[in-house]
Structures are given as structure tokens and as C-alpha cells.
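Everything below concerns the one structure shown next.
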Amino acid sequence: MTHPLTAPTATAADLLALYRHLHAHPEPSLHETHTAALLAGILRDLGYAVHERIGGTGVVGILRNGAGPTVVLRADMDALPVREDTGLDYASAAVDAAGTPLMHACGHDIHMTCAIGAARDLAAASRSWSGTLVILLQPAEEIAAGAAAMIADGVFDLFPKPSVLLGQHVGNLPAGVVSFTPGPAMAAAESLRIRLTGRGAHGSRPQASIDPVLLAAHIVVRLQSIVAREISPSDTAVVTVGALHAGAQANVIPDTAEIAVNLRSLTPEVHGRLRRAVVRIVEAECAASGTPVAPEITTTGAFPVLSNDPWATALTVAALRTGLGEDRVREVPAITISEDFGLLGQAVGAPSFFWFLGSTQPGRFERARAADEVDAQIPANHSSRFAPEPDTTIPAGIAALTLAARAWLGAPPETGAPLG
């Protein structure tokens with residue numbers, strides 16, 4: 001059955017309907033089954049050769065349109081374990097297999113919708129460009145597993161070596177605005193699980209214990225000194241303790257405690273200093289407490305630094321500024337959020353460029369900025385109240401992806417002139 005979005009009479013309302021459907025039906029990382037099937041069907045209707053179940057639930061749509069460059073447009077598909085609190089009439093009520101609420105709290109529904117919109121528009125305009133266009137719909141970005149899984153499953157065997165890989169992500173900016181960072185743009189991140197083993201006892205006899213709760217508390221406080229006292233103020237670094245689990249009852253000192261720690265940086269050197277400091281502090285505090293077992297420090301997830309290729313950045317930004325206007329394309333400093341998009345270009349030795357797309361109603365954003373309360377007034381990614389303004393954000397995102405792709409795709413043979 002042909003999707004309404006792919007019909008000749010399709011309108012902007014059909015695209016918005018796709019977005020609302022995706023938002024209302026989120027799926028967790030590595031389980032994006034229905035999402036993948038829906039998008040694969042749309043791409044097939046648009047004339048793309050479609051490959052499914054790449055790296056689990058990944059989808060690749062390929063439109064071969066004569067000789068020329070190969071351009072990859074990437075969008076991610078997975079949702080987050082967040083209970084939605086936006087009040088939208090299309091808010092998610094979905095849960096995963098364990099009953100955990102799910103929400104597209106990071107804008108991946110916007111990313112998918114924009115990628116499909118760009119795929120449709122570029123297919124319709126195929127007489128004006130030449131080359132191979134690849135729509136890469138990736139699972140499991142939120143857990144840093146999807147890009148690696150697609151690479152391991154041979155995604156780059158399906159089409160010629162890319163001339164460039166392009167992607168975008170919604171962020172806390174006015175809708176219609178695009179921001180970018182040359183070079184290192186998004187931080188590397190590593191998540192650690194630290195297991196501490198003490199000696200349990202009755203709450204009335206603390207002298208008989210080696211209290212892992214007190215030990216964990218000392219470690220949590222001491223970890224906060226790493227960035228403040230061991231990293232130069234000119235370097236970017238973050239150490240976050242996201243979870244501490246120990247015990248179950250007030251009058252029982254438990255045997256063990258676990259701490260979840262997240263490290264972020266923009267260079268391998270700073271990351272090395274952060275990790276060595278964590279290990280040193282944990283081991284020293286355990287020695288000071290006299291624990292009977294050495295601490296266990298395990299990596300549970302990692303993202304690489306996302307670095308924008310200088311040439312790819314310059315060429316693509318020029319096209320975005322020409323198409324969107326100078327005032328809507330802004331250079332910004334690097335951020336400490338992480339993404340696994342960079343793995344794709346690294347794996348195949350191709351340049352890549354990733355930018356951010358504003359998603360907040362402009363007037364609301366400007367009022368919050370004027371009050372210096374953007375963080376307080378505008379829910380950002382991963383918030384239960386994160387709600388992009390789709391009417392402006394989606395057309396801008398489609399335009400950005402289309403302009404970026406056309407900056408790289410060749411002109412048809414009869415003209416012999418580059419586009420962009």
C-alpha cells in the first residue's frame with residue numbers, strides 16, 4: 001500500500017502526520033521494528049532500493065541516479081525511556097516490553113521526518129543532479145550501539161564509498177536556525193560502572209562493617225574535584241555521577257554499592273586524565289576504607305569525539321548560507337553532548353559534517369534569552385517536556401538536508417557544471 005506522503009498529491013500536512021505518528025509511537029534502542037518497517041516502505045514507494053535489518057533494525061535507501069558522488073544522509077530512529085509530560089495531543093503513551101514509558105525526547109522523530117522529506121524532494125528533482133543518494137536510518141544512537149552495529153553488518157558494502165556523510169540534530173535554538181562547529185564539535189563520552197565491596201552489618205553495630213555507602217559518598221564528593229583541580233580551565237571536561245545504588249533498608253549496612261559515572265571531553269589527552277583520576281580516587285578511597293575486595297570499574301558505553309571535517313564543513317556551510325540566509329546559519333562553540341555519527345565516517349575513511357537544527361518557537365526562545373533563562377524556560381533534549389515546534393522545524397530541516405546534499409551531488413551530464 002502506497003503511503004500518502006509519497007503520492008503526487010501529498011502535502012505538508014502528510015509530512016506533519018508522519019512526524020506525529022513517529023512521535024506517538026516511539027520504540028527503544030535496537031527494537032525500532034515498526035518504525036524501520038514504516039520508513040523502509042516509504043523509501044521503497046519513493047523509488048529507492050531498500051535494505052532492511054542492517055545492524056539489527058537499520059534501514060538503508062539507495063537512489064542511484066547516474067555517475068557522480070555518493071552522499072549519505074543519516075538520521076537516527078530510537079527513543080528514550082522517558083515518560084512524556086508535554087501535554088501534546090499526539091504525546092506518546094508507549095511502553096517497552098518491561099512496561100517502561102518511552103518518548104522521542106531527543107528529537108529523533110524530527111530527524112526521521114526531515115530525512116524522509118529530503119529523500120522525497122531529491123527524488124522528485126532527480127533531473128537536476130547526478131550521483132548516488134543514500135538515506136541511512138540508524139538504530140540505537142542513544143546507547144552508542146547503532147553506528148557500530150551497522151558498520152559491523154557491512155553497511156558500506158551496499159553502495160560506493162561515500163564522498164561525504166551528512167547529519168543533523170535538533171537542539172535548543174530558534175526554529176529555522178542552523179548552527180555548526182568546525183573541527184571537534186561534540187564530546188567523547190565514556191560511562192563507567194563502579195562496584196564497591198565492603199562488609200555488611202546491622203545498623204546498630206557499624207563498627208563491624210566496612211560501610212560501602214559511606215565509601216561511595218566519599219568517592220562521589222572527591223570525583224567533583226577532578227575537573228575543578230586537575231583539568232586546565234582552557235580544556236573542556238565533565239564528570240557526572242548519574243546513579244548511586246546501595247542497600248534497601250535503614251537499619252542494614254549493605255555489602256556492596258554501585259556508582260555510575262560519565263566522563264566527557266573533546267580530546268583523548270583530557271579523557272585519559274579524567275579516567276586515570278577516577279581510577280586513582282576510587283582505588284585510594286577503597287584502600288582507605290580497608291575493603292576486602294578491589295573495586296570493579298567497567299566501561300558500559302562510549303562515544304567518540306564527533307569532529308567535522310574542515311573541507312566538508314566549509315563546502316556545506318557555504319551552501320546552507322546561500323540557501324537559508326547568512327543570519328540563519330551560525331557558528332557556535334563545541335558542546336559536551338555526544339553522538340555516534342562520527343564512527344560512520346571514520347569507518348569508511350570519508351569526510352563528515354554534522355550540524356544542529358533549531359526547534360523552539362523563535363519568539364519564545366528570544367524572550368527566554370533576553371531574560372537569561374533559556375535553560376530554565378525551554379525544555380531541552382532528554383527532558384520529559386521536550387517538544388519541538390514542528391511547523392517551522394521540519395521544513396527548515398528538510399531544506400538544510402537538501403541544500404547540503406545538493407552541494408555535493410554532481411550536475412546532470414548535459415551541463416557538466418557542479419551544483420551548489
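In the C-alpha cells, each chain is lettered A, B, ... as it comes, each chain's residues begin at 1, and ligands are numbered from 1 in order of appearance.
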
inquiry  = Based on the backbone DSSP call, show me all residues of region 225-413 of chain A assigned strand (DSSP E or B), as a VMD selection string.
reply    = chain A and resid 237 to 246 252 to 253 256 to 265 296 to 303 306 to 308 329 to 331 335 352 to 360 410

Spatial neighbours of Glu84 (chain A), 8 Å, only C-alpha atoms, chain gap at least 3 places, as a PyMOL selection string = chain A and resi 91-93+101-103+105+384-385

Dump all heavy atoms for the selected residues as an mmCIF file, in the first residue's frame?
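Final file, part.cif:
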```cif
data_model
loop_
_atom_site.group_PDB
_atom_site.id
_atom_site.type_symbol
_atom_site.label_atom_id
_atom_site.label_comp_id
_atom_site.auth_asym_id
_atom_site.auth_seq_id
_atom_site.Cartn_x
_atom_site.Cartn_y
_atom_site.Cartn_z
ATOM 1 N N ALA A 91 1.027 13.090 22.139
ATOM 2 C CA ALA A 91 2.046 12.627 23.078
ATOM 3 C C ALA A 91 2.093 11.099 23.109
ATOM 4 O O ALA A 91 1.094 10.414 22.899
ATOM 5 C CB ALA A 91 1.764 13.168 24.469
ATOM 6 N N SER A 92 3.278 10.588 23.423
ATOM 7 C CA SER A 92 3.470 9.137 23.491
ATOM 8 C C SER A 92 2.844 8.559 24.754
ATOM 9 O O SER A 92 2.977 9.112 25.845
ATOM 10 C CB SER A 92 4.967 8.819 23.488
ATOM 11 O OG SER A 92 5.199 7.472 23.840
ATOM 12 N N ALA A 93 2.181 7.413 24.576
ATOM 13 C CA ALA A 93 1.736 6.608 25.709
ATOM 14 C C ALA A 93 2.384 5.224 25.636
ATOM 15 O O ALA A 93 1.969 4.302 26.330
ATOM 16 C CB ALA A 93 0.220 6.480 25.706
ATOM 17 N N PRO A 101 7.960 3.592 30.316
ATOM 18 C CA PRO A 101 7.462 4.573 29.345
ATOM 19 C C PRO A 101 8.546 4.969 28.342
ATOM 20 O O PRO A 101 9.733 5.011 28.663
ATOM 21 C CB PRO A 101 7.053 5.763 30.218
ATOM 22 C CG PRO A 101 6.841 5.184 31.576
ATOM 23 C CD PRO A 101 7.824 4.071 31.711
ATOM 24 N N LEU A 102 8.108 5.274 27.123
ATOM 25 C CA LEU A 102 9.021 5.655 26.052
ATOM 26 C C LEU A 102 8.604 7.003 25.475
ATOM 27 O O LEU A 102 7.421 7.331 25.420
ATOM 28 C CB LEU A 102 9.008 4.614 24.938
ATOM 29 C CG LEU A 102 9.520 3.216 25.289
ATOM 30 C CD1 LEU A 102 9.185 2.245 24.171
ATOM 31 C CD2 LEU A 102 11.023 3.249 25.552
ATOM 32 N N MET A 103 9.606 7.767 25.024
ATOM 33 C CA MET A 103 9.338 9.078 24.433
ATOM 34 C C MET A 103 10.450 9.440 23.460
ATOM 35 O O MET A 103 11.623 9.146 23.700
ATOM 36 C CB MET A 103 9.264 10.152 25.539
ATOM 37 C CG MET A 103 9.070 11.566 25.021
ATOM 38 S SD MET A 103 9.246 12.805 26.347
ATOM 39 C CE MET A 103 9.153 14.314 25.379
ATOM 40 N N ALA A 105 12.285 11.924 23.195
ATOM 41 C CA ALA A 105 12.696 13.099 23.962
ATOM 42 C C ALA A 105 13.979 13.723 23.443
ATOM 43 O O ALA A 105 14.483 14.667 24.034
ATOM 44 C CB ALA A 105 12.874 12.716 25.436
ATOM 45 N N SER A 384 11.415 15.356 29.809
ATOM 46 C CA SER A 384 10.074 14.808 29.587
ATOM 47 C C SER A 384 9.139 15.839 28.954
ATOM 48 O O SER A 384 8.073 15.499 28.459
ATOM 49 C CB SER A 384 9.476 14.337 30.909
ATOM 50 O OG SER A 384 9.320 15.432 31.806
ATOM 51 N N ARG A 385 9.571 17.111 28.956
ATOM 52 C CA ARG A 385 8.745 18.192 28.388
ATOM 53 C C ARG A 385 9.314 18.730 27.076
ATOM 54 O O ARG A 385 8.877 19.767 26.575
ATOM 55 C CB ARG A 385 8.607 19.321 29.406
ATOM 56 C CG ARG A 385 7.860 18.900 30.675
ATOM 57 C CD ARG A 385 7.738 20.024 31.683
ATOM 58 N NE ARG A 385 9.032 20.396 32.243
ATOM 59 C CZ ARG A 385 9.627 21.567 32.052
ATOM 60 N NH1 ARG A 385 9.058 22.494 31.308
ATOM 61 N NH2 ARG A 385 10.793 21.826 32.607
#
```

task = Figure out the distance between CA of Glu326 (chain A) and CA of Trp355 (chain A), please, to one decimal in Å.
result = 15.1 Å

query = When you draw a straight line from CA of Ser352 (chain A) to CA of Ile42 (chain A), how long is it in Å?
reply = 25.7 Å

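For Ala75 (chain A), the residues within 7 Å (counting only C-alpha atoms, excluding itself and residues fewer than 4 positions away along the chain) are A:His111, A:Met112, A:Ala115, A:Leu136, A:Leu137, A:Gln138, A:Gly167.
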
Take the residues that were just selected and, keeping N, CA, C and O atoms, output them as a PDB file, in the first residue's frame.
```pdb
ATOM      1  N   HIS A 111      14.263  14.084  13.157  1.00  0.00           N
ATOM      2  CA  HIS A 111      15.353  13.687  12.255  1.00  0.00           C
ATOM      3  C   HIS A 111      14.830  12.765  11.155  1.00  0.00           C
ATOM      4  O   HIS A 111      15.166  12.938   9.972  1.00  0.00           O
ATOM      5  N   MET A 112      14.038  11.773  11.541  1.00  0.00           N
ATOM      6  CA  MET A 112      13.498  10.831  10.552  1.00  0.00           C
ATOM      7  C   MET A 112      12.586  11.534   9.562  1.00  0.00           C
ATOM      8  O   MET A 112      12.661  11.297   8.343  1.00  0.00           O
ATOM      9  N   ALA A 115      14.611  13.557   7.119  1.00  0.00           N
ATOM     10  CA  ALA A 115      15.322  12.697   6.171  1.00  0.00           C
ATOM     11  C   ALA A 115      14.373  12.177   5.092  1.00  0.00           C
ATOM     12  O   ALA A 115      14.727  12.143   3.900  1.00  0.00           O
ATOM     13  N   LEU A 136      20.370   6.805   5.284  1.00  0.00           N
ATOM     14  CA  LEU A 136      20.792   5.831   6.285  1.00  0.00           C
ATOM     15  C   LEU A 136      20.022   6.095   7.577  1.00  0.00           C
ATOM     16  O   LEU A 136      20.225   7.123   8.228  1.00  0.00           O
ATOM     17  N   LEU A 137      19.126   5.176   7.923  1.00  0.00           N
ATOM     18  CA  LEU A 137      18.298   5.295   9.123  1.00  0.00           C
ATOM     19  C   LEU A 137      18.870   4.359  10.174  1.00  0.00           C
ATOM     20  O   LEU A 137      18.785   3.131  10.049  1.00  0.00           O
ATOM     21  N   GLN A 138      19.451   4.949  11.205  1.00  0.00           N
ATOM     22  CA  GLN A 138      20.267   4.199  12.172  1.00  0.00           C
ATOM     23  C   GLN A 138      19.521   3.908  13.464  1.00  0.00           C
ATOM     24  O   GLN A 138      18.881   4.795  14.033  1.00  0.00           O
ATOM     25  N   GLY A 167      24.630  14.831   8.520  1.00  0.00           N
ATOM     26  CA  GLY A 167      23.589  14.591   9.505  1.00  0.00           C
ATOM     27  C   GLY A 167      23.258  15.848  10.272  1.00  0.00           C
ATOM     28  O   GLY A 167      24.041  16.807  10.290  1.00  0.00           O
TER      29      GLY A 167
END
```

DSSP-assigned alpha helix (DSSP H) among region 22-236 of chain A, expressed as a PyMOL selection string = chain A and resi 22-24+33-45+108-124+146-152+212-223+225-230

key: Spatial neighbours of Ala216 (chain A), max dist 12 Å, only C-alpha atoms, sep filter under 2 positions, as a count of residues only   = 38

Within 10 Å of region 329-351 of chain A, which residues of region 76-192 of chain A show up? Give each one with its shortest atom-to-atom distance in Å (one decimal) and the two atoms involved, counting only C-alpha atoms, rows by chain then rising residue number, as a Markdown table.
```
| residue | atom | partner | partner_atom | distance |
| --- | --- | --- | --- | --- |
| A:Asp76 | CA | A:Phe341 | CA | 9.1 |
| A:Gln138 | CA | A:Phe341 | CA | 9.3 |
| A:Ala140 | CA | A:Asp340 | CA | 9.4 |
| A:Glu141 | CA | A:Asp340 | CA | 6.4 |
| A:Glu142 | CA | A:Glu339 | CA | 8.0 |
| A:Ile143 | CA | A:Asp340 | CA | 9.0 |
| A:Ala144 | CA | A:Asp340 | CA | 5.7 |
| A:Ala145 | CA | A:Asp340 | CA | 7.9 |
| A:Gly146 | CA | A:Asp340 | CA | 7.8 |
| A:Ala147 | CA | A:Asp340 | CA | 6.2 |
| A:Ala148 | CA | A:Leu343 | CA | 7.0 |
| A:Met150 | CA | A:Leu344 | CA | 8.8 |
| A:Ile151 | CA | A:Leu344 | CA | 7.2 |
| A:Ala152 | CA | A:Ala347 | CA | 9.7 |
| A:Val155 | CA | A:Leu344 | CA | 9.6 |
| A:Phe156 | CA | A:Val348 | CA | 7.3 |
| A:Lys161 | CA | A:Val348 | CA | 7.2 |
| A:Pro162 | CA | A:Ala350 | CA | 6.2 |
| A:Ser163 | CA | A:Ala350 | CA | 6.3 |
| A:Val164 | CA | A:Pro351 | CA | 5.1 |
| A:Leu165 | CA | A:Pro351 | CA | 6.5 |
| A:Leu166 | CA | A:Pro351 | CA | 8.9 |
| A:Gly167 | CA | A:Phe341 | CA | 7.7 |
| A:Gln168 | CA | A:Phe341 | CA | 9.7 |
| A:His169 | CA | A:Glu339 | CA | 9.7 |
| A:Gly176 | CA | A:Val329 | CA | 9.2 |
| A:Val177 | CA | A:Val329 | CA | 6.1 |
| A:Val178 | CA | A:Val329 | CA | 4.8 |
| A:Ser179 | CA | A:Arg330 | CA | 4.7 |
| A:Phe180 | CA | A:Glu331 | CA | 5.0 |
| A:Thr181 | CA | A:Val332 | CA | 5.6 |
| A:Pro182 | CA | A:Glu331 | CA | 8.0 |
| A:Gly183 | CA | A:Ala334 | CA | 8.7 |
| A:Pro184 | CA | A:Ala334 | CA | 6.6 |
| A:Ala185 | CA | A:Ala334 | CA | 4.4 |
| A:Met186 | CA | A:Ile335 | CA | 5.2 |
| A:Ala187 | CA | A:Thr336 | CA | 4.7 |
| A:Ala188 | CA | A:Ser338 | CA | 6.1 |
| A:Ala189 | CA | A:Ser338 | CA | 6.4 |
| A:Glu190 | CA | A:Ser338 | CA | 9.7 |
```

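If you measure from each of A:Cys114, A:Leu63, A:Met77, A:Ala400 to Leu18 (chain A) using only C-alpha atoms, the closest one turns out to be A:Cys114.
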
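The two atoms in question, CA of Glu269 (chain A) and CA of Ser191 (chain A), are spaced 17.1 Å apart.
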